[in-house]
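Undergrad: Handing over final.cif, mmCIF, C-alpha atoms and all ligand atoms.
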```
data_start
#
loop_
_atom_site.label_atom_id
_atom_site.label_comp_id
_atom_site.auth_asym_id
_atom_site.auth_seq_id
_atom_site.Cartn_x
_atom_site.Cartn_y
_atom_site.Cartn_z
CA MET A 1 14.73 -6.68 -2.57
CA ARG A 2 14.36 -5.87 1.09
CA LEU A 3 13.77 -2.61 2.89
CA THR A 4 14.07 -1.97 6.58
CA THR A 5 12.84 0.69 8.96
CA GLU A 6 13.34 1.17 12.67
CA ARG A 7 10.75 -1.48 13.55
CA LEU A 8 9.96 -3.25 10.28
CA ILE A 9 11.25 -5.49 7.54
CA LEU A 10 9.65 -5.09 4.11
CA ARG A 11 10.32 -8.07 1.85
CA PRO A 12 8.74 -9.82 -1.12
CA PRO A 13 5.87 -12.23 -0.41
CA VAL A 14 6.65 -15.92 -0.07
CA ALA A 15 4.40 -18.97 -0.11
CA GLY A 16 4.53 -19.14 3.68
CA ASP A 17 2.71 -15.81 3.91
CA ILE A 18 -0.56 -17.39 2.84
CA ASP A 19 -1.98 -17.67 6.37
CA ALA A 20 -1.14 -14.07 7.25
CA ILE A 21 -2.62 -12.79 4.00
CA PHE A 22 -5.75 -14.89 4.35
CA GLU A 23 -6.20 -13.80 7.95
CA GLY A 24 -5.65 -10.13 7.21
CA MET A 25 -7.88 -10.09 4.18
CA SER A 26 -10.61 -12.06 5.90
CA ASP A 27 -11.21 -9.01 8.10
CA TRP A 28 -14.08 -6.93 6.72
CA GLU A 29 -12.63 -3.80 8.36
CA VAL A 30 -9.55 -4.25 6.16
CA VAL A 31 -11.18 -5.43 2.97
CA LYS A 32 -13.95 -2.83 2.84
CA THR A 33 -11.25 -0.17 2.37
CA LEU A 34 -9.73 -1.83 -0.69
CA ALA A 35 -11.00 -1.62 -4.26
CA ARG A 36 -10.26 -4.97 -5.77
CA PRO A 37 -10.21 -8.00 -3.45
CA PRO A 38 -13.09 -10.43 -3.69
CA TRP A 39 -15.47 -10.86 -0.77
CA PRO A 40 -15.89 -13.22 0.93
CA TYR A 41 -12.14 -13.70 0.73
CA GLU A 42 -11.16 -17.35 0.35
CA ARG A 43 -7.85 -19.00 1.08
CA GLN A 44 -7.47 -19.67 -2.64
CA ASP A 45 -7.69 -15.92 -3.27
CA ALA A 46 -4.58 -15.49 -1.14
CA ALA A 47 -2.88 -18.33 -3.04
CA ARG A 48 -3.82 -16.75 -6.38
CA TRP A 49 -2.52 -13.35 -5.28
CA LEU A 50 0.73 -14.90 -4.06
CA ALA A 51 1.23 -16.82 -7.30
CA MET A 52 1.13 -13.60 -9.36
CA GLN A 53 3.58 -11.52 -7.37
CA ASP A 54 6.92 -12.83 -8.69
CA ASP A 55 5.87 -12.25 -12.31
CA LEU A 56 4.49 -8.79 -11.58
CA ARG A 57 7.73 -7.84 -9.84
CA ALA A 58 9.87 -9.28 -12.65
CA ASP A 59 7.84 -7.29 -15.21
CA GLY A 60 8.32 -4.13 -13.16
CA GLN A 61 4.55 -3.81 -12.87
CA LYS A 62 4.28 -4.13 -9.15
CA THR A 63 6.42 -4.28 -6.05
CA ALA A 64 4.30 -5.68 -3.24
CA LEU A 65 6.21 -6.08 -0.01
CA MET A 66 5.09 -7.92 3.09
CA LEU A 67 5.63 -6.14 6.38
CA ALA A 68 7.00 -7.97 9.40
CA LEU A 69 8.11 -6.72 12.77
CA LYS A 70 11.84 -7.08 13.35
CA THR A 71 10.92 -8.65 16.68
CA ALA A 72 8.79 -11.32 14.94
CA PRO A 73 10.16 -11.55 11.39
CA GLU A 74 8.56 -14.89 10.58
CA ARG A 75 5.02 -13.51 10.69
CA ALA A 76 3.82 -10.99 8.09
CA ILE A 77 1.47 -8.36 9.48
CA GLY A 78 0.52 -6.50 6.32
CA CYS A 79 1.49 -5.45 2.87
CA ALA A 80 2.50 -2.25 1.08
CA GLY A 81 3.34 -1.84 -2.55
CA LEU A 82 3.86 0.29 -5.60
CA GLU A 83 1.97 -0.63 -8.76
CA ALA A 84 2.44 0.76 -12.27
CA ARG A 85 -1.01 1.12 -13.82
CA GLU A 86 -1.81 0.92 -17.53
CA ASP A 87 -1.90 4.71 -17.81
CA GLY A 88 1.69 4.86 -16.58
CA GLN A 89 0.88 6.17 -13.12
CA VAL A 90 2.49 4.45 -10.14
CA HIS A 91 0.12 3.90 -7.23
CA LEU A 92 0.78 3.20 -3.58
CA GLY A 93 -1.39 0.66 -1.78
CA PHE A 94 -1.31 -0.89 1.69
CA TRP A 95 -3.10 -2.82 4.41
CA LEU A 96 -2.20 -3.85 7.92
CA ALA A 97 -3.60 -6.53 10.22
CA ARG A 98 -6.03 -4.92 12.65
CA SER A 99 -4.08 -6.11 15.71
CA CYS A 100 -1.26 -3.78 14.64
CA TRP A 101 -3.23 -0.60 13.90
CA GLY A 102 -2.53 2.64 15.68
CA LEU A 103 1.17 2.18 16.30
CA GLY A 104 2.45 4.28 13.42
CA LEU A 105 3.64 1.17 11.60
CA MET A 106 2.09 1.85 8.18
CA THR A 107 3.32 5.42 8.12
CA GLU A 108 6.78 4.10 8.95
CA ALA A 109 6.61 1.43 6.24
CA CYS A 110 5.27 3.76 3.55
CA ALA A 111 7.82 6.45 4.35
CA GLU A 112 10.53 3.96 3.42
CA LEU A 113 8.60 2.72 0.39
CA LEU A 114 8.27 6.30 -0.84
CA ARG A 115 11.99 6.84 -0.34
CA TYR A 116 12.57 3.70 -2.42
CA GLY A 117 10.21 4.94 -5.12
CA PHE A 118 11.65 8.41 -5.38
CA GLU A 119 15.34 7.74 -4.72
CA ASP A 120 15.95 4.23 -5.98
CA LEU A 121 13.37 4.05 -8.80
CA GLY A 122 13.59 7.74 -9.68
CA LEU A 123 9.83 8.20 -9.80
CA ALA A 124 8.63 11.77 -10.32
CA ARG A 125 5.23 11.31 -8.71
CA ILE A 126 3.50 8.63 -6.70
CA HIS A 127 -0.27 8.45 -6.79
CA SER A 128 -2.55 7.04 -4.17
CA GLY A 129 -6.03 7.46 -2.82
CA CYS A 130 -8.55 6.24 -0.33
CA PHE A 131 -12.27 5.94 0.04
CA ARG A 132 -13.72 9.08 1.61
CA ASP A 133 -14.87 7.17 4.68
CA ASN A 134 -11.39 5.79 5.42
CA GLU A 135 -10.17 8.30 8.00
CA ALA A 136 -7.15 6.25 9.08
CA SER A 137 -5.82 5.99 5.55
CA ARG A 138 -6.45 9.70 4.94
CA ARG A 139 -4.40 10.47 8.02
CA VAL A 140 -1.56 8.16 6.94
CA HIS A 141 -1.45 9.88 3.56
CA GLN A 142 -1.53 13.27 5.24
CA LYS A 143 1.40 12.34 7.49
CA LEU A 144 3.30 11.14 4.43
CA GLY A 145 2.77 14.47 2.66
CA PHE A 146 0.25 13.46 -0.02
CA ALA A 147 -1.88 16.21 -1.53
CA VAL A 148 -5.45 15.88 -2.73
CA THR A 149 -5.63 15.95 -6.52
CA GLY A 150 -9.29 15.21 -7.04
CA GLU A 151 -12.35 13.21 -6.18
CA SER A 152 -13.84 10.25 -7.94
CA ARG A 153 -16.13 7.32 -7.47
CA ILE A 154 -14.44 3.95 -7.61
CA LEU A 155 -15.87 0.47 -7.64
CA CYS A 156 -15.23 -1.23 -4.33
CA VAL A 157 -15.52 -4.89 -5.22
CA PRO A 158 -15.98 -6.13 -1.63
CA ARG A 159 -18.82 -3.65 -1.01
CA GLY A 160 -20.26 -4.34 -4.44
CA GLU A 161 -20.79 -0.66 -5.24
CA SER A 162 -19.02 2.50 -6.28
CA VAL A 163 -17.77 4.54 -3.34
CA ASP A 164 -16.63 8.16 -3.00
CA HIS A 165 -12.86 8.27 -3.35
CA ILE A 166 -10.22 10.91 -2.69
CA ASP A 167 -7.41 10.97 -5.24
CA LEU A 168 -3.99 11.79 -3.85
CA ALA A 169 -0.46 12.27 -5.13
CA LEU A 170 2.99 13.16 -3.87
CA THR A 171 5.67 14.60 -6.13
CA ARG A 172 9.33 13.87 -5.69
CA ALA A 173 9.96 17.59 -5.27
CA ASP A 174 7.48 17.86 -2.40
CA TRP A 175 8.74 14.67 -0.85
CA ALA A 176 12.35 15.85 -1.09
CA ALA A 177 11.50 19.24 0.37
CA ALA A 178 9.73 17.61 3.30
CA ASN A 179 12.44 15.05 3.89
CA GLY A 180 15.50 17.16 3.28
CA ALA A 181 16.49 14.67 0.60
CA ALA A 182 18.38 15.61 -2.51
CA GLY A 183 15.49 15.02 -4.87
CA ILE A 184 17.56 16.39 -7.70
CA GLY A 185 20.32 14.79 -9.63
CA LEU A 186 18.10 11.82 -10.24
CA ALA A 187 17.29 10.90 -13.80
CA HIS A 188 14.78 13.29 -15.31
CA ALA A 189 12.00 10.87 -14.82
CA GLY A 190 8.72 11.36 -16.58
CA GLU A 191 5.39 10.93 -14.92
CA THR A 192 6.06 7.44 -13.80
CA ARG A 193 9.61 6.31 -13.71
C1 LIG B 1 -4.93 2.53 7.15
C2 LIG B 1 -3.99 1.64 7.95
C3 LIG B 1 -2.98 1.00 7.04
C4 LIG B 1 -3.28 2.51 8.98
O1 LIG B 1 -2.24 1.75 9.57
P1 LIG B 1 -1.62 2.23 10.96
O2 LIG B 1 -0.29 1.57 11.12
O3 LIG B 1 -2.61 2.06 12.04
O4 LIG B 1 -1.42 3.78 10.66
P2 LIG B 1 -0.61 4.80 11.55
O5 LIG B 1 -0.64 4.36 12.98
O6 LIG B 1 0.70 5.01 10.90
O7 LIG B 1 -1.48 6.12 11.37
C5 LIG B 1 -2.90 6.08 11.53
C6 LIG B 1 -3.40 7.46 11.81
O8 LIG B 1 -4.80 7.49 11.57
C7 LIG B 1 -5.45 7.94 12.74
N1 LIG B 1 -6.75 7.29 12.77
C8 LIG B 1 -7.02 5.99 12.92
N2 LIG B 1 -8.34 5.78 12.87
C9 LIG B 1 -8.91 6.99 12.67
C10 LIG B 1 -10.25 7.44 12.52
N3 LIG B 1 -11.29 6.58 12.57
N4 LIG B 1 -10.47 8.76 12.34
C11 LIG B 1 -9.44 9.63 12.28
N5 LIG B 1 -8.13 9.25 12.41
C12 LIG B 1 -7.89 7.95 12.60
C13 LIG B 1 -4.53 7.54 13.86
O9 LIG B 1 -4.79 8.29 15.05
C14 LIG B 1 -3.17 7.89 13.24
O10 LIG B 1 -2.95 9.27 13.21
P3 LIG B 1 -1.98 9.99 14.29
O11 LIG B 1 -0.62 9.41 14.11
O12 LIG B 1 -2.06 11.43 13.92
O13 LIG B 1 -2.55 9.69 15.66
C15 LIG B 1 -4.78 0.53 8.69
O14 LIG B 1 -5.78 1.14 9.47
C16 LIG B 1 -5.41 -0.44 7.74
O15 LIG B 1 -4.77 -1.38 7.30
N6 LIG B 1 -6.70 -0.23 7.41
C17 LIG B 1 -7.41 -1.11 6.50
C18 LIG B 1 -6.77 -1.12 5.12
C19 LIG B 1 -6.66 0.26 4.53
O16 LIG B 1 -7.36 1.19 4.90
N7 LIG B 1 -5.76 0.38 3.55
C20 LIG B 1 -5.59 1.62 2.82
C21 LIG B 1 -6.60 1.69 1.72
S1 LIG B 1 -6.52 3.27 0.90
#
```
Taking this structure as input, can you express it in the form of structure tokens?

TA:
Amino acid sequence: MRLTTERLILRPPVAGDIDAIFEGMSDWEVVKTLARPPWPYERQDAARWLAMQDDLRADGQKTALMLALKTAPERAIGCAGLEAREDGQVHLGFWLARSCWGLGLMTEACAELLRYGFEDLGLARIHSGCFRDNEASRRVHQKLGFAVTGESRILCVPRGESVDHIDLALTRADWAAANGAAGIGLAHAGETR
């Protein structure tokens, strides 16, 4: 599958993305905001992550898409994805190489990923969240229309400790209202799909 936005291509990871993933995830400012990656992040961690993605996508467990600028499509600059957790909730996750921050790119990418989730997959609700100290991610979620649903403490593997976390969610109804999309007529999806 492949999604496009005004400035971006979103496409499944390929083996050739290993350098971009390793580079992006070797940046502490990126990794400290994520819950699960190991730290220090080794090249083999990127290889291991890449090796899992085809199976996860085939199982419908996860759609991780690499982001690339249309003007430089050969070089991935980040990743955004939807993951179905064991409790049935579908969660949004994303990271972007620091050289590309502040240009509105992740908001643009996630807006299209949300459209895909709600319109194409028929999801009723998409969950997300960020560590309380991650102001940029909070702002991206705010721009996308996510609402706060709670607070928690989540283990941040790279930091090696539990960190205050803001739980967020966006319903298809709210997304449709904000985007002028139909939002109805889709299958009566349950919580997740
Ligand atoms: C979060 C992240 C994806 C944002 O990507 P991006 O393309 O720069 O995001 P956008 O440009 O679409 O929007 C960022 C917004 O946050 C704001 N922002 C950035 N840093 C901020 C800060 N320290 N405090 C407050 N707002 C901040 C920007 O001004 C912008 O808001 P605006 O459009 O109202 O001006 C990127 O910073 C990143 O990859 N960070 C590390 C990984 C991460 O945090 N992943 C999410 C984990 S929950």

Undergrad: Please produce, as JSON lines, a per-residue contact table for chain A versus ligand LIG 1 (chain B) (criterion: any atom at most 8 Å away, all atoms listed in the file considered), showing the nearest atom pair and its distance in Å to one decimal, sorted by chain then residue number.

TA:
```
{"residue": "A:Glu29", "atom": "CA", "partner": "B:LIG1", "partner_atom": "C17", "distance": 6.2}
{"residue": "A:Val30", "atom": "CA", "partner": "B:LIG1", "partner_atom": "C17", "distance": 3.8}
{"residue": "A:Val31", "atom": "CA", "partner": "B:LIG1", "partner_atom": "C18", "distance": 6.5}
{"residue": "A:Lys32", "atom": "CA", "partner": "B:LIG1", "partner_atom": "C17", "distance": 7.7}
{"residue": "A:Thr33", "atom": "CA", "partner": "B:LIG1", "partner_atom": "O16", "distance": 4.8}
{"residue": "A:Leu34", "atom": "CA", "partner": "B:LIG1", "partner_atom": "C21", "distance": 5.3}
{"residue": "A:Gly78", "atom": "CA", "partner": "B:LIG1", "partner_atom": "O15", "distance": 7.4}
{"residue": "A:Gly93", "atom": "CA", "partner": "B:LIG1", "partner_atom": "C20", "distance": 6.3}
{"residue": "A:Phe94", "atom": "CA", "partner": "B:LIG1", "partner_atom": "N7", "distance": 5.0}
{"residue": "A:Trp95", "atom": "CA", "partner": "B:LIG1", "partner_atom": "O15", "distance": 3.6}
{"residue": "A:Leu96", "atom": "CA", "partner": "B:LIG1", "partner_atom": "O15", "distance": 3.6}
{"residue": "A:Ala97", "atom": "CA", "partner": "B:LIG1", "partner_atom": "O15", "distance": 6.0}
{"residue": "A:Arg98", "atom": "CA", "partner": "B:LIG1", "partner_atom": "O15", "distance": 6.5}
{"residue": "A:Cys100", "atom": "CA", "partner": "B:LIG1", "partner_atom": "O2", "distance": 6.5}
{"residue": "A:Trp101", "atom": "CA", "partner": "B:LIG1", "partner_atom": "O3", "distance": 3.3}
{"residue": "A:Gly102", "atom": "CA", "partner": "B:LIG1", "partner_atom": "O3", "distance": 3.7}
{"residue": "A:Leu103", "atom": "CA", "partner": "B:LIG1", "partner_atom": "O5", "distance": 4.4}
{"residue": "A:Gly104", "atom": "CA", "partner": "B:LIG1", "partner_atom": "O5", "distance": 3.1}
{"residue": "A:Leu105", "atom": "CA", "partner": "B:LIG1", "partner_atom": "O2", "distance": 4.0}
{"residue": "A:Met106", "atom": "CA", "partner": "B:LIG1", "partner_atom": "O2", "distance": 3.8}
{"residue": "A:Thr107", "atom": "CA", "partner": "B:LIG1", "partner_atom": "O6", "distance": 3.8}
{"residue": "A:Glu108", "atom": "CA", "partner": "B:LIG1", "partner_atom": "O6", "distance": 6.4}
{"residue": "A:Ser128", "atom": "CA", "partner": "B:LIG1", "partner_atom": "S1", "distance": 7.5}
{"residue": "A:Gly129", "atom": "CA", "partner": "B:LIG1", "partner_atom": "S1", "distance": 5.6}
{"residue": "A:Cys130", "atom": "CA", "partner": "B:LIG1", "partner_atom": "S1", "distance": 3.8}
{"residue": "A:Phe131", "atom": "CA", "partner": "B:LIG1", "partner_atom": "S1", "distance": 6.4}
{"residue": "A:Asn134", "atom": "CA", "partner": "B:LIG1", "partner_atom": "O16", "distance": 6.1}
{"residue": "A:Glu135", "atom": "CA", "partner": "B:LIG1", "partner_atom": "N4", "distance": 4.4}
{"residue": "A:Ala136", "atom": "CA", "partner": "B:LIG1", "partner_atom": "O8", "distance": 3.6}
{"residue": "A:Ser137", "atom": "CA", "partner": "B:LIG1", "partner_atom": "C1", "distance": 3.9}
{"residue": "A:Arg138", "atom": "CA", "partner": "B:LIG1", "partner_atom": "O8", "distance": 7.2}
{"residue": "A:Arg139", "atom": "CA", "partner": "B:LIG1", "partner_atom": "O8", "distance": 4.7}
{"residue": "A:Val140", "atom": "CA", "partner": "B:LIG1", "partner_atom": "O7", "distance": 4.9}
{"residue": "A:Lys143", "atom": "CA", "partner": "B:LIG1", "partner_atom": "O12", "distance": 7.4}
```

Undergrad: What does the distance between atom CA of Ile18 of chain A and atom CA of Leu67 of chain A come to in Å, to one decimal place?

TA: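 Atom CA of Leu67 of chain A lies 13.3 Å from atom CA of Ile18 of chain A.
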
Undergrad: My list of candidates is A:His91, A:Arg2, A:Arg36, A:Lys70. Which is closest to Glu161 of chain A when distances are computed with only C-alpha atoms?

TA: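 Nearest candidate to Glu161 of chain A out of A:His91, A:Arg2, A:Arg36, A:Lys70: A:Arg36.
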
Undergrad: I'd like the neighbourhood of Gly60 of chain A as number ranges by chain, where a residue qualifies if any of its atoms comes within 12 Å (using all atoms listed in the file), though same-chain residues fewer than 2 positions away should be ignored.

TA: A: 53-58, 62-64, 81-85, 88, 90, 121, 192-193

Undergrad: Between A:Gln61, A:Thr4, A:Gly180, A:Glu112, which residue has the minimum interatomic distance to Glu86 of chain A, considering only C-alpha atoms?

TA: A:Gln61

Undergrad: I need the residue nearest Ala80 of chain A from this list: A:Met25, A:Asp17, A:Pro12, A:Ala147. Use only C-alpha atoms for the distance.

TA: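 Checking each of A:Met25, A:Asp17, A:Pro12, A:Ala147 against Ala80 of chain A, counting only C-alpha atoms, the winner is A:Pro12.
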
Undergrad: Just how far from atom CA of Val163 of chain A is atom CA of Pro40 of chain A, in Å to one decimal?

TA: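 Between atom CA of Pro40 of chain A and atom CA of Val163 of chain A the gap works out to 18.4 Å.
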
Undergrad: What are the centre and the three edge lengths of an axis-aligned box that wraps all atoms of segment 156-172 of chain A in the file, given that 3 Å is added to every side, written as JSON and rounded to one decimal in Å?

TA:
```
{"center_x": -5.7, "center_y": 4.2, "center_z": -3.6, "size_x": 36.1, "size_y": 26.7, "size_z": 11.3}
```

Undergrad: Can you work out which one of A:Cys79, A:Ala72, A:Leu114, A:Ala46 has the shortest atom-to-atom distance to Arg11 of chain A, counting all atoms listed in the file?

TA: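 Smallest separation from Arg11 of chain A among the options: A:Cys79.
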
Undergrad: Have a look at atom CA of Asp45 of chain A and atom CA of Pro73 of chain A and let me know their distance in Å, one decimal.

TA: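 Pair atom CA of Asp45 of chain A / atom CA of Pro73 of chain A returns 23.5 Å.
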